[in-house]
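This is protein_27.csv (CSV, C-alpha atoms).
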```
chain,number,residue,atom,x,y,z
N,1,MET,CA,0.0,0.0,0.0
N,2,SER,CA,1.2,3.5,-0.7
N,3,SER,CA,1.1,6.4,1.7
N,4,GLU,CA,0.2,10.1,1.3
N,5,THR,CA,1.9,13.1,3.0
N,6,GLN,CA,0.8,16.6,3.0
N,7,GLY,CA,3.1,18.9,1.1
N,8,ALA,CA,3.7,22.6,1.3
N,9,GLY,CA,0.8,24.8,0.2
N,10,ASN,CA,-1.7,22.1,1.0
N,11,ARG,CA,-0.7,20.3,-2.2
N,12,PRO,CA,-0.5,16.5,-1.5
N,13,THR,CA,2.8,14.8,-2.2
N,14,VAL,CA,2.3,11.3,-3.4
N,15,LYS,CA,4.9,8.7,-3.0
N,16,GLY,CA,5.0,4.9,-3.2
N,17,THR,CA,6.3,2.5,-0.5
N,18,GLY,CA,6.7,-0.5,-2.7
N,19,ALA,CA,9.9,-2.5,-3.0
N,20,ASP,CA,11.2,-0.2,-5.8
N,21,GLY,CA,10.0,3.0,-4.1
N,22,ALA,CA,8.3,4.1,-7.3
N,23,GLY,CA,5.8,6.9,-7.2
N,24,ARG,CA,2.2,6.4,-8.0
N,25,GLN,CA,-0.4,8.4,-9.9
N,26,PRO,CA,-2.5,10.8,-7.9
N,27,GLY,CA,-5.8,9.4,-6.6
N,28,MET,CA,-9.3,10.8,-5.9
N,29,THR,CA,-8.4,11.5,-2.3
N,30,ASP,CA,-5.5,13.7,-3.5
N,31,VAL,CA,-7.9,15.6,-5.7
N,32,ALA,CA,-10.4,16.0,-2.7
N,33,ARG,CA,-7.7,17.2,-0.4
N,34,LEU,CA,-6.3,19.8,-2.8
N,35,ALA,CA,-9.9,21.0,-3.6
N,36,GLY,CA,-10.9,21.0,0.0
N,37,VAL,CA,-13.9,18.8,-0.6
N,38,SER,CA,-14.9,15.2,0.1
N,39,ALA,CA,-14.0,12.3,-2.2
N,40,GLN,CA,-17.7,11.8,-2.8
N,41,THR,CA,-18.0,15.3,-4.1
N,42,VAL,CA,-15.0,14.7,-6.5
N,43,SER,CA,-16.8,11.5,-7.7
N,44,ARG,CA,-20.0,13.4,-8.3
N,45,THR,CA,-18.2,16.2,-10.1
N,46,LEU,CA,-16.3,13.8,-12.4
N,47,SER,CA,-19.4,11.8,-13.2
N,48,GLY,CA,-21.3,14.9,-14.3
N,49,HIS,CA,-23.8,15.0,-11.4
N,50,PRO,CA,-26.2,17.9,-12.0
N,51,HIS,CA,-26.4,19.0,-8.3
N,52,VAL,CA,-22.8,20.0,-7.8
N,53,GLN,CA,-22.4,23.8,-7.2
N,54,PRO,CA,-20.6,25.6,-10.0
N,55,LYS,CA,-17.9,27.0,-7.6
N,56,THR,CA,-17.3,23.5,-6.2
N,57,ARG,CA,-17.1,22.0,-9.7
N,58,ALA,CA,-14.6,24.6,-10.7
N,59,LYS,CA,-12.4,23.9,-7.6
N,60,VAL,CA,-12.5,20.1,-8.3
N,61,LEU,CA,-11.6,20.5,-12.0
N,62,ALA,CA,-8.8,22.9,-11.2
N,63,ALA,CA,-7.4,20.3,-8.8
N,64,VAL,CA,-7.8,17.6,-11.4
N,65,GLU,CA,-5.9,19.6,-13.9
N,66,GLN,CA,-3.2,20.6,-11.4
N,67,LEU,CA,-2.5,17.0,-10.4
N,68,GLY,CA,-3.0,15.5,-13.8
N,69,TYR,CA,-5.5,13.1,-12.2
N,70,ARG,CA,-6.9,10.3,-14.3
N,71,LYS,CA,-8.5,7.3,-12.6
N,72,ASN,CA,-7.4,4.3,-14.6
N,73,ASN,CA,-8.6,1.1,-13.1
N,74,ALA,CA,-7.8,-1.1,-16.2
N,75,ALA,CA,-4.2,0.1,-16.4
N,76,ARG,CA,-3.6,-0.7,-12.8
N,77,MET,CA,-4.7,-4.3,-13.5
N,78,LEU,CA,-2.6,-4.8,-16.6
N,79,SER,CA,1.2,-5.1,-16.2
N,80,SER,CA,1.6,-3.6,-19.6
N,81,GLY,CA,-0.3,-0.5,-18.6
N,82,ARG,CA,-2.5,-0.8,-21.7
N,83,SER,CA,-6.1,-1.8,-21.8
N,84,ARG,CA,-6.4,-2.6,-25.5
N,85,THR,CA,-9.9,-1.0,-25.3
N,86,ILE,CA,-11.4,2.0,-26.9
N,87,GLY,CA,-14.6,3.8,-25.7
N,88,VAL,CA,-17.6,5.0,-27.7
N,89,VAL,CA,-19.9,7.7,-26.4
N,90,THR,CA,-23.3,7.4,-28.0
N,91,LEU,CA,-26.9,8.5,-27.4
N,92,GLN,CA,-29.2,6.0,-25.7
N,93,THR,CA,-31.5,5.3,-28.7
N,94,ASN,CA,-32.7,2.6,-31.1
N,95,PHE,CA,-32.0,4.7,-34.2
N,96,SER,CA,-30.7,2.5,-37.0
N,97,SER,CA,-28.1,5.0,-38.0
N,98,ARG,CA,-26.4,5.0,-34.5
N,99,THR,CA,-26.6,1.2,-34.3
N,100,ASN,CA,-25.1,0.8,-37.7
N,101,LEU,CA,-22.3,3.2,-36.9
N,102,THR,CA,-21.5,1.5,-33.6
N,103,PHE,CA,-21.4,-1.9,-35.4
N,104,GLY,CA,-18.9,-0.5,-37.9
N,105,ILE,CA,-16.7,0.8,-35.1
N,106,GLU,CA,-16.8,-2.5,-33.2
N,107,THR,CA,-15.9,-4.5,-36.4
N,108,ALA,CA,-13.0,-2.2,-37.2
N,109,ALA,CA,-11.8,-2.2,-33.6
N,110,ARG,CA,-11.8,-6.0,-33.4
N,111,GLY,CA,-9.7,-6.1,-36.6
N,112,ALA,CA,-7.2,-3.8,-34.9
N,113,GLY,CA,-7.1,-6.0,-31.8
N,114,TYR,CA,-9.1,-3.8,-29.5
N,115,ALA,CA,-12.3,-4.3,-27.5
N,116,VAL,CA,-15.0,-1.6,-27.4
N,117,SER,CA,-16.6,-0.2,-24.2
N,118,THR,CA,-19.8,1.8,-24.9
N,119,ALA,CA,-21.0,4.6,-22.6
N,120,THR,CA,-24.6,5.8,-23.5
N,121,THR,CA,-26.1,9.1,-22.5
N,122,ALA,CA,-29.8,9.8,-22.3
N,123,SER,CA,-29.5,13.4,-23.4
N,124,LEU,CA,-27.2,15.9,-25.1
N,125,ASP,CA,-26.8,17.8,-21.8
N,126,THR,CA,-23.2,18.8,-21.2
N,127,ALA,CA,-23.1,17.2,-17.8
N,128,ALA,CA,-24.4,13.9,-19.2
N,129,ILE,CA,-21.6,13.9,-21.9
N,130,GLU,CA,-19.0,14.8,-19.3
N,131,GLY,CA,-20.2,11.8,-17.2
N,132,ALA,CA,-20.0,9.4,-20.1
N,133,LEU,CA,-16.5,10.5,-21.0
N,134,SER,CA,-15.4,10.3,-17.3
N,135,ARG,CA,-16.7,6.7,-17.0
N,136,LEU,CA,-14.7,5.6,-20.0
N,137,ALA,CA,-11.6,7.4,-18.8
N,138,GLU,CA,-12.0,5.6,-15.4
N,139,GLN,CA,-12.1,2.3,-17.2
N,140,GLY,CA,-8.7,3.1,-18.7
N,141,VAL,CA,-9.7,3.2,-22.4
N,142,GLU,CA,-6.8,4.1,-24.7
N,143,GLY,CA,-9.0,6.3,-26.9
N,144,VAL,CA,-12.6,7.5,-27.4
N,145,ILE,CA,-14.9,7.9,-30.4
N,146,LEU,CA,-17.5,10.5,-29.6
N,147,SER,CA,-20.7,9.7,-31.5
N,148,VAL,CA,-22.9,12.6,-30.1
N,149,PRO,CA,-22.9,16.2,-31.1
N,150,LEU,CA,-21.2,18.6,-28.7
N,151,VAL,CA,-23.8,21.4,-28.2
N,152,HIS,CA,-21.4,23.0,-25.7
N,153,VAL,CA,-17.7,22.2,-25.1
N,154,SER,CA,-17.2,22.7,-21.3
N,155,PRO,CA,-13.8,22.9,-19.7
N,156,ARG,CA,-14.2,19.4,-18.4
N,157,ILE,CA,-15.0,18.0,-21.8
N,158,GLU,CA,-11.9,19.8,-23.2
N,159,GLN,CA,-9.8,18.4,-20.4
N,160,LEU,CA,-11.0,14.9,-20.9
N,161,THR,CA,-10.5,15.0,-24.7
N,162,ARG,CA,-7.0,16.3,-24.2
N,163,SER,CA,-6.1,13.5,-21.7
N,164,VAL,CA,-7.6,10.7,-23.8
N,165,PRO,CA,-7.1,10.6,-27.6
N,166,THR,CA,-10.6,11.4,-29.0
N,167,VAL,CA,-12.2,11.3,-32.5
N,168,THR,CA,-15.7,12.7,-33.2
N,169,VAL,CA,-17.9,11.4,-36.0
N,170,ASP,CA,-20.6,14.0,-36.3
N,171,GLY,CA,-18.7,17.1,-37.2
N,172,SER,CA,-18.4,18.6,-33.7
N,173,ARG,CA,-15.0,19.0,-32.2
N,174,THR,CA,-12.8,20.4,-29.4
N,175,PRO,CA,-9.3,21.7,-29.9
N,176,ALA,CA,-7.9,18.3,-29.1
N,177,THR,CA,-10.1,16.0,-31.2
N,178,GLU,CA,-10.0,14.6,-34.7
N,179,VAL,CA,-13.1,14.7,-36.9
N,180,VAL,CA,-14.4,12.0,-39.2
N,181,ALA,CA,-17.7,13.0,-40.7
N,182,VAL,CA,-20.0,12.6,-43.7
N,183,ASP,CA,-20.5,15.9,-45.7
N,184,GLN,CA,-24.1,16.5,-44.5
N,185,SER,CA,-24.5,19.6,-46.5
N,186,LEU,CA,-23.6,17.6,-49.7
N,187,ALA,CA,-26.2,15.0,-48.7
N,188,ALA,CA,-28.9,17.7,-48.6
N,189,ARG,CA,-27.7,19.2,-51.9
N,190,LEU,CA,-27.8,15.8,-53.6
N,191,ALA,CA,-31.4,15.1,-52.4
N,192,THR,CA,-32.7,18.6,-53.1
N,193,ARG,CA,-31.0,18.8,-56.6
N,194,HIS,CA,-32.5,15.5,-57.5
N,195,LEU,CA,-36.0,16.7,-56.8
N,196,ILE,CA,-35.4,20.0,-58.6
N,197,ASP,CA,-34.1,18.1,-61.7
N,198,LEU,CA,-37.3,16.1,-61.7
N,199,GLY,CA,-39.2,19.4,-62.3
N,200,HIS,CA,-40.5,20.2,-58.8
N,201,GLU,CA,-40.9,23.9,-58.3
N,202,THR,CA,-39.8,23.8,-54.7
N,203,VAL,CA,-38.8,21.2,-52.1
N,204,TRP,CA,-40.2,21.1,-48.5
N,205,HIS,CA,-38.0,19.8,-45.7
N,206,VAL,CA,-38.6,17.8,-42.5
N,207,SER,CA,-35.4,18.4,-40.5
N,208,GLY,CA,-33.9,16.7,-37.5
N,209,PRO,CA,-33.7,18.4,-34.1
N,210,GLU,CA,-32.1,21.8,-34.1
N,211,GLU,CA,-29.4,21.0,-31.6
N,212,TRP,CA,-28.0,18.2,-33.9
N,213,LEU,CA,-25.1,19.4,-36.1
N,214,ASP,CA,-26.0,16.9,-38.8
N,215,ALA,CA,-29.5,18.3,-38.9
N,216,ALA,CA,-28.3,21.9,-39.1
N,217,SER,CA,-25.9,21.0,-42.0
N,218,ARG,CA,-28.6,19.3,-43.9
N,219,ARG,CA,-31.0,22.2,-43.4
N,220,ALA,CA,-28.4,24.6,-44.6
N,221,GLY,CA,-27.6,22.5,-47.7
N,222,TRP,CA,-31.3,22.2,-48.6
N,223,ARG,CA,-31.8,26.0,-48.2
N,224,ASP,CA,-28.7,26.9,-50.2
N,225,THR,CA,-29.7,24.6,-53.1
N,226,LEU,CA,-33.1,26.1,-53.4
N,227,GLU,CA,-31.8,29.7,-53.2
N,228,SER,CA,-29.1,28.9,-55.8
N,229,ALA,CA,-31.8,27.6,-58.1
N,230,GLY,CA,-33.9,30.7,-57.6
N,231,LEU,CA,-36.7,28.8,-56.0
N,232,SER,CA,-38.8,29.7,-53.0
N,233,VAL,CA,-37.8,28.3,-49.6
N,234,PRO,CA,-40.8,26.8,-47.6
N,235,PRO,CA,-40.9,26.8,-43.8
N,236,VAL,CA,-39.0,24.1,-42.1
N,237,LEU,CA,-40.9,21.3,-40.3
N,238,GLU,CA,-38.8,19.9,-37.4
N,239,GLY,CA,-38.8,16.3,-36.3
N,240,ASP,CA,-36.9,14.3,-33.7
N,241,TRP,CA,-35.5,11.5,-35.9
N,242,THR,CA,-38.4,9.2,-35.0
N,243,PRO,CA,-41.0,7.7,-37.5
N,244,ALA,CA,-43.7,9.2,-35.2
N,245,SER,CA,-42.3,12.8,-35.8
N,246,GLY,CA,-42.2,12.1,-39.5
N,247,TYR,CA,-45.8,10.9,-39.4
N,248,ARG,CA,-46.9,14.1,-37.6
N,249,ASN,CA,-45.2,16.3,-40.2
N,250,GLY,CA,-46.5,14.1,-43.0
N,251,LEU,CA,-50.1,14.9,-41.8
N,252,ILE,CA,-49.2,18.6,-42.2
N,253,LEU,CA,-47.6,18.2,-45.6
N,254,GLY,CA,-50.4,16.0,-46.9
N,255,ASN,CA,-52.9,18.8,-46.2
N,256,ILE,CA,-51.0,21.4,-48.2
N,257,PRO,CA,-52.2,21.1,-51.8
N,258,ASP,CA,-49.1,22.7,-53.4
N,259,VAL,CA,-46.6,20.2,-51.8
N,260,THR,CA,-45.1,18.0,-54.5
N,261,ALA,CA,-41.6,17.1,-53.1
N,262,VAL,CA,-40.2,16.6,-49.6
N,263,PHE,CA,-36.6,16.1,-48.5
N,264,VAL,CA,-36.7,14.3,-45.1
N,265,ALA,CA,-33.6,14.4,-42.9
N,266,SER,CA,-33.6,10.6,-42.1
N,267,ASP,CA,-35.1,7.4,-43.5
N,268,GLU,CA,-37.0,6.6,-40.3
N,269,MET,CA,-38.8,10.0,-40.4
N,270,ALA,CA,-39.4,9.4,-44.1
N,271,PHE,CA,-41.3,6.2,-43.4
N,272,GLY,CA,-43.6,8.1,-41.1
N,273,VAL,CA,-44.1,10.8,-43.7
N,274,ILE,CA,-45.0,8.2,-46.3
N,275,ARG,CA,-47.5,6.5,-44.0
N,276,ALA,CA,-49.2,9.8,-43.2
N,277,LEU,CA,-49.5,10.7,-46.9
N,278,HIS,CA,-50.9,7.3,-47.7
N,279,GLU,CA,-53.6,7.7,-45.0
N,280,LEU,CA,-54.5,11.1,-46.5
N,281,GLY,CA,-54.9,9.7,-50.0
N,282,ARG,CA,-51.7,11.4,-51.3
N,283,ARG,CA,-49.8,9.0,-53.6
N,284,VAL,CA,-46.0,8.6,-53.4
N,285,PRO,CA,-44.5,9.4,-55.9
N,286,GLU,CA,-47.4,10.3,-58.2
N,287,ASP,CA,-48.5,13.2,-56.0
N,288,ILE,CA,-45.6,13.8,-53.7
N,289,SER,CA,-42.0,12.6,-54.1
N,290,VAL,CA,-40.0,11.8,-51.0
N,291,VAL,CA,-36.3,11.5,-50.4
N,292,GLY,CA,-34.6,10.4,-47.1
N,293,VAL,CA,-31.1,10.2,-45.7
N,294,ASP,CA,-29.1,7.2,-44.4
N,295,ASP,CA,-30.1,4.2,-46.7
N,296,ILE,CA,-30.8,1.9,-43.8
N,297,ALA,CA,-31.7,-1.7,-44.6
N,298,LEU,CA,-35.5,-1.1,-44.6
N,299,ALA,CA,-35.3,1.7,-47.2
N,300,GLU,CA,-35.1,-0.7,-50.1
N,301,TYR,CA,-38.1,-2.7,-48.9
N,302,CYS,CA,-40.7,-0.1,-47.8
N,303,SER,CA,-43.5,0.7,-50.2
N,304,PRO,CA,-42.6,2.4,-52.4
N,305,SER,CA,-38.9,1.7,-52.0
N,306,LEU,CA,-37.2,4.9,-50.7
N,307,THR,CA,-35.0,7.2,-52.7
N,308,THR,CA,-32.3,8.2,-50.2
N,309,VAL,CA,-28.8,9.6,-49.7
N,310,ALA,CA,-26.6,6.7,-48.4
N,311,GLN,CA,-24.2,7.3,-45.5
N,312,PRO,CA,-21.5,4.6,-45.5
N,313,PHE,CA,-21.6,3.7,-41.8
N,314,ALA,CA,-19.2,0.8,-42.0
N,315,GLU,CA,-16.6,3.0,-43.8
N,316,MET,CA,-17.2,5.8,-41.2
N,317,GLY,CA,-16.6,3.4,-38.4
N,318,ALA,CA,-13.5,2.0,-39.9
N,319,LEU,CA,-12.1,5.4,-40.7
N,320,ALA,CA,-12.8,6.7,-37.2
N,321,VAL,CA,-11.0,3.7,-35.7
N,322,ALA,CA,-8.1,4.1,-38.0
N,323,HIS,CA,-7.8,7.8,-37.0
N,324,LEU,CA,-8.0,6.9,-33.4
N,325,MET,CA,-5.3,4.3,-33.7
N,326,ARG,CA,-3.0,6.9,-35.3
N,327,HIS,CA,-4.0,9.4,-32.5
N,328,ILE,CA,-3.2,6.8,-29.8
N,329,ALA,CA,0.2,6.0,-31.4
N,330,ASP,CA,1.1,9.7,-31.7
N,331,PRO,CA,-1.1,11.9,-29.4
N,332,GLY,CA,0.9,15.0,-30.2
N,333,ALA,CA,0.2,14.8,-33.9
N,334,ALA,CA,-1.9,17.6,-35.4
N,335,PRO,CA,-5.6,16.6,-35.9
N,336,GLU,CA,-6.5,15.6,-39.5
N,337,PRO,CA,-10.2,15.9,-40.3
N,338,ALA,CA,-11.6,13.4,-42.8
N,339,SER,CA,-14.8,13.6,-44.7
N,340,VAL,CA,-16.8,10.8,-46.3
N,341,GLU,CA,-18.9,11.6,-49.3
N,342,PRO,CA,-22.6,10.5,-49.3
N,343,VAL,CA,-24.2,8.8,-52.4
N,344,LEU,CA,-27.7,9.4,-53.8
N,345,ILE,CA,-29.6,6.1,-54.3
N,346,VAL,CA,-32.6,6.6,-56.6
N,347,ARG,CA,-35.6,4.3,-56.0
N,348,ALA,CA,-39.3,4.4,-56.5
N,349,SER,CA,-40.4,7.2,-54.1
N,350,THR,CA,-39.4,10.0,-56.5
N,351,ALA,CA,-40.8,10.9,-59.9
N,352,PRO,CA,-40.9,13.8,-62.3
N,353,LEU,CA,-43.6,16.4,-61.4
N,354,GLY,CA,-46.9,14.9,-62.4
N,355,GLY,CA,-45.3,11.7,-63.6
N,356,ARG,CA,-44.3,8.2,-62.5
N,357,ALA,CA,-41.1,6.9,-60.9
N,358,ARG,CA,-38.1,6.1,-63.0
N,359,THR,CA,-36.1,3.8,-60.7
N,360,ARG,CA,-32.4,3.3,-60.9
N,361,THR,CA,-29.7,2.3,-58.4
```
Target format structure tokens, applied to this file:
Amino acid sequence: MSSETQGAGNRPTVKGTGADGAGRQPGMTDVARLAGVSAQTVSRTLSGHPHVQPKTRAKVLAAVEQLGYRKNNAARMLSSGRSRTIGVVTLQTNFSSRTNLTFGIETAARGAGYAVSTATTASLDTAAIEGALSRLAEQGVEGVILSVPLVHVSPRIEQLTRSVPTVTVDGSRTPATEVVAVDQSLAARLATRHLIDLGHETVWHVSGPEEWLDAASRRAGWRDTLESAGLSVPPVLEGDWTPASGYRNGLILGNIPDVTAVFVASDEMAFGVIRALHELGRRVPEDISVVGVDDIALAEYCSPSLTTVAQPFAEMGALAVAHLMRHIADPGAAPEPASVEPVLIVRASTAPLGGRARTRT
């Protein structure tokens, strides 16, 4: 067992008492002593507990940074000091896009000889993301793939992504992260341009949630394409990625006689839109053409089969893992953003204005 002695200026001096006299890494009690709080308060702060006072949180984080504290259970258990594990932070959801991306990451990680530990967060709240990153750091992961958008980069998130090599896969970043992303603006431009080329006089849009960077980029790409073509820009209808939100917006669209084309920000919402249009007697694509995004497995088999912009989830996962391996091997290297191009897949849900579908893949 090691012992702790109090150094000058109330900063703990940590030393080992093993046979070789080697020093040890600072522990949670060291952080607590330096910050003047309890170990429980340190634990709550580092796990993103919402009821820690801002002043207390600031004192704890300052102590963490001063000591270079990183709880690393796995490294203590392995004589090599390496866990051969990477972490993934993802939203607690059953969205097919998130599932497919995680599968791609796991497949690539196994190929690289790494296990994957997943930390889910129920919301995009900053404290929740801090907690997920902290849990992975405590497990001793060698790197992290951040698969949620960073609405706000807090000092704690920045500190964690500096201490553990981190790659993001949705376009958000901190100064220390690398980015692997699909060009979401291009995805929107491909979808919108396809509908314009079919003769539609404008294109309506069902977007994802405003706080998602992917949704914001698709919304901007859709708007820019319409404006560049000199076409009117309809009001945005916002969904939450679920088929139910697509259905609700489909009921709105189906009751607007002038709607002939809709770009929907995800396949799952597009399924809901098509269902609502069908119930209202609006035919797809004869009356209204619909384009989605993602090209999940069901897109080819819904009725009609869905024209969509494919996101190569397996390629994204493999690329994210490859970048993370490089980052782990050389943490001081400058970040190198990488972008994956989406591909338009034309199926039966789109047709020329007033015409019938002309399917190609």
Revision key, fill the gap. Pairwise distance, atom CA of Ile252 of chain N with atom CA of Gly292 of chain N, equals 17.4 Å
Check your understanding: What is the atom CA of His323 of chain N-atom CA of Glu211 of chain N distance in Å, reported with one decimal?
Key ->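 Taking atom CA of His323 of chain N and atom CA of Glu211 of chain N, their separation equals 25.9 Å.
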Between segment 104-219 of chain N and segment 24-44 of chain N, at 12 Å or less, what are the per-residue closest atom pairs and their distances in Å? Count all atoms listed in the file, order by chain and rising residue number, and return it as a Markdown table.
```
| residue | atom | partner | partner_atom | distance |
| --- | --- | --- | --- | --- |
| N:Ala127 | CA | N:Arg44 | CA | 10.7 |
| N:Ala128 | CA | N:Arg44 | CA | 11.8 |
| N:Glu130 | CA | N:Arg44 | CA | 11.1 |
| N:Gly131 | CA | N:Arg44 | CA | 9.0 |
| N:Ser134 | CA | N:Ser43 | CA | 9.8 |
| N:Arg135 | CA | N:Ser43 | CA | 10.5 |
| N:Glu138 | CA | N:Ser43 | CA | 10.8 |
```
Distance query Asp330 of chain N at most 12 Å, all atoms listed in the file, self and fewer than 6 positions along chain excluded, as a JSON list (two decimals) with C-alpha atoms, in the coordinates of the input:
```
[["chain", "number", "residue", "atom", "x", "y", "z"],
["N", 142, "GLU", "CA", -6.80, 4.10, -24.70],
["N", 143, "GLY", "CA", -9.00, 6.30, -26.90],
["N", 164, "VAL", "CA", -7.60, 10.70, -23.80],
["N", 165, "PRO", "CA", -7.10, 10.60, -27.60],
["N", 323, "HIS", "CA", -7.80, 7.80, -37.00],
["N", 324, "LEU", "CA", -8.00, 6.90, -33.40]]
```
Could you list, with a cut-off of 8 Å and counting all atoms listed in the file, the residues of segment 114-223 of chain N near segment 259-269 of chain N, each shown with its nearest atom pair and the distance in Å rounded to one decimal, rows sorted by chain and ascending number, as a tab-separated table?
```
residue	atom	partner	partner_atom	distance
N:Ala188	CA	N:Phe263	CA	7.9
N:Ala191	CA	N:Phe263	CA	6.6
N:Thr192	CA	N:Phe263	CA	6.5
N:Leu195	CA	N:Ala261	CA	6.7
N:His200	CA	N:Ala261	CA	6.6
N:Thr202	CA	N:Ala261	CA	7.1
N:Val203	CA	N:Ala261	CA	5.1
N:Trp204	CA	N:Val262	CA	4.6
N:His205	CA	N:Phe263	CA	4.8
N:Val206	CA	N:Val264	CA	4.8
N:Ser207	CA	N:Ala265	CA	5.0
N:Gly208	CA	N:Ala265	CA	5.9
N:Ala215	CA	N:Ala265	CA	6.9
N:Arg218	CA	N:Ala265	CA	7.1
```
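Here atom CA of Ala181 of chain N and atom CA of Ala244 of chain N stand 26.8 Å from one another.
Comparing the minimum interatomic distances between Val151 of chain N and each of N:Tyr114, N:Trp212, N:Phe103, N:Phe313, counting all atoms listed in the file, we find that N:Trp212 sits nearest.
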**Study point:** Minimum-distance residue to Arg98 of chain N, chosen among N:Met316, N:Leu353, N:Ser117, N:Pro335 (using all atoms listed in the file)
**Key:** N:Met316
Exercise for review: Counting all atoms listed in the file, find the residues whose atoms lie at most 8 Å from (-24.8, 3.3, -39.2) (file coordinates) and write them out as a VMD selection string.
Suggested key: chain N and resid 96 to 104 294 296 311 to 314
Selection export as a PDB file, keeping the file's coordinate frame, atoms kept: C-alpha atoms:
```pdb
ATOM      1  CA  SER N  96     -30.700   2.500 -37.000  1.00  0.00           C
ATOM      2  CA  SER N  97     -28.100   5.000 -38.000  1.00  0.00           C
ATOM      3  CA  ARG N  98     -26.400   5.000 -34.500  1.00  0.00           C
ATOM      4  CA  THR N  99     -26.600   1.200 -34.300  1.00  0.00           C
ATOM      5  CA  ASN N 100     -25.100   0.800 -37.700  1.00  0.00           C
ATOM      6  CA  LEU N 101     -22.300   3.200 -36.900  1.00  0.00           C
ATOM      7  CA  THR N 102     -21.500   1.500 -33.600  1.00  0.00           C
ATOM      8  CA  PHE N 103     -21.400  -1.900 -35.400  1.00  0.00           C
ATOM      9  CA  GLY N 104     -18.900  -0.500 -37.900  1.00  0.00           C
ATOM     10  CA  ASP N 294     -29.100   7.200 -44.400  1.00  0.00           C
ATOM     11  CA  ILE N 296     -30.800   1.900 -43.800  1.00  0.00           C
ATOM     12  CA  GLN N 311     -24.200   7.300 -45.500  1.00  0.00           C
ATOM     13  CA  PRO N 312     -21.500   4.600 -45.500  1.00  0.00           C
ATOM     14  CA  PHE N 313     -21.600   3.700 -41.800  1.00  0.00           C
ATOM     15  CA  ALA N 314     -19.200   0.800 -42.000  1.00  0.00           C
TER      16      ALA N 314
END
```
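In terms of minimum interatomic distance to Ser339 of chain N, N:Leu319 ranks closest within N:Val60, N:Ala108, N:Leu319, N:Leu91, counting only C-alpha atoms.
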Practice item. Name the closest residue to Arg282 of chain N among the candidates N:Leu198, N:Leu226, N:Ala333, N:Ile256; distances are taken between atoms, counting all atoms listed in the file. Key: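 Among N:Leu198, N:Leu226, N:Ala333, N:Ile256, it is N:Ile256 that comes nearest to Arg282 of chain N.
Closest approach to Arg275 of chain N among N:Ser245, N:Thr177, N:Thr121, N:Gln184: N:Ser245, based on only C-alpha atoms.
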Practice item. Find the residue from N:Val169, N:Val273, N:Leu298, N:Ala229 that sits nearest to Gly250 of chain N; use only C-alpha atoms when measuring. Key: N:Val273
Give me the residues within 10 Å of Pro175 of chain N as a PDB file with C-alpha atoms, in the frame of the given file, counting all atoms listed in the file and dropping any in the same chain fewer than 3 places off.
```
ATOM      1  CA  VAL N 153     -17.700  22.200 -25.100  1.00  0.00           C
ATOM      2  CA  GLU N 158     -11.900  19.800 -23.200  1.00  0.00           C
ATOM      3  CA  THR N 161     -10.500  15.000 -24.700  1.00  0.00           C
ATOM      4  CA  ARG N 162      -7.000  16.300 -24.200  1.00  0.00           C
ATOM      5  CA  GLU N 178     -10.000  14.600 -34.700  1.00  0.00           C
ATOM      6  CA  PRO N 335      -5.600  16.600 -35.900  1.00  0.00           C
TER       7      PRO N 335
END
```
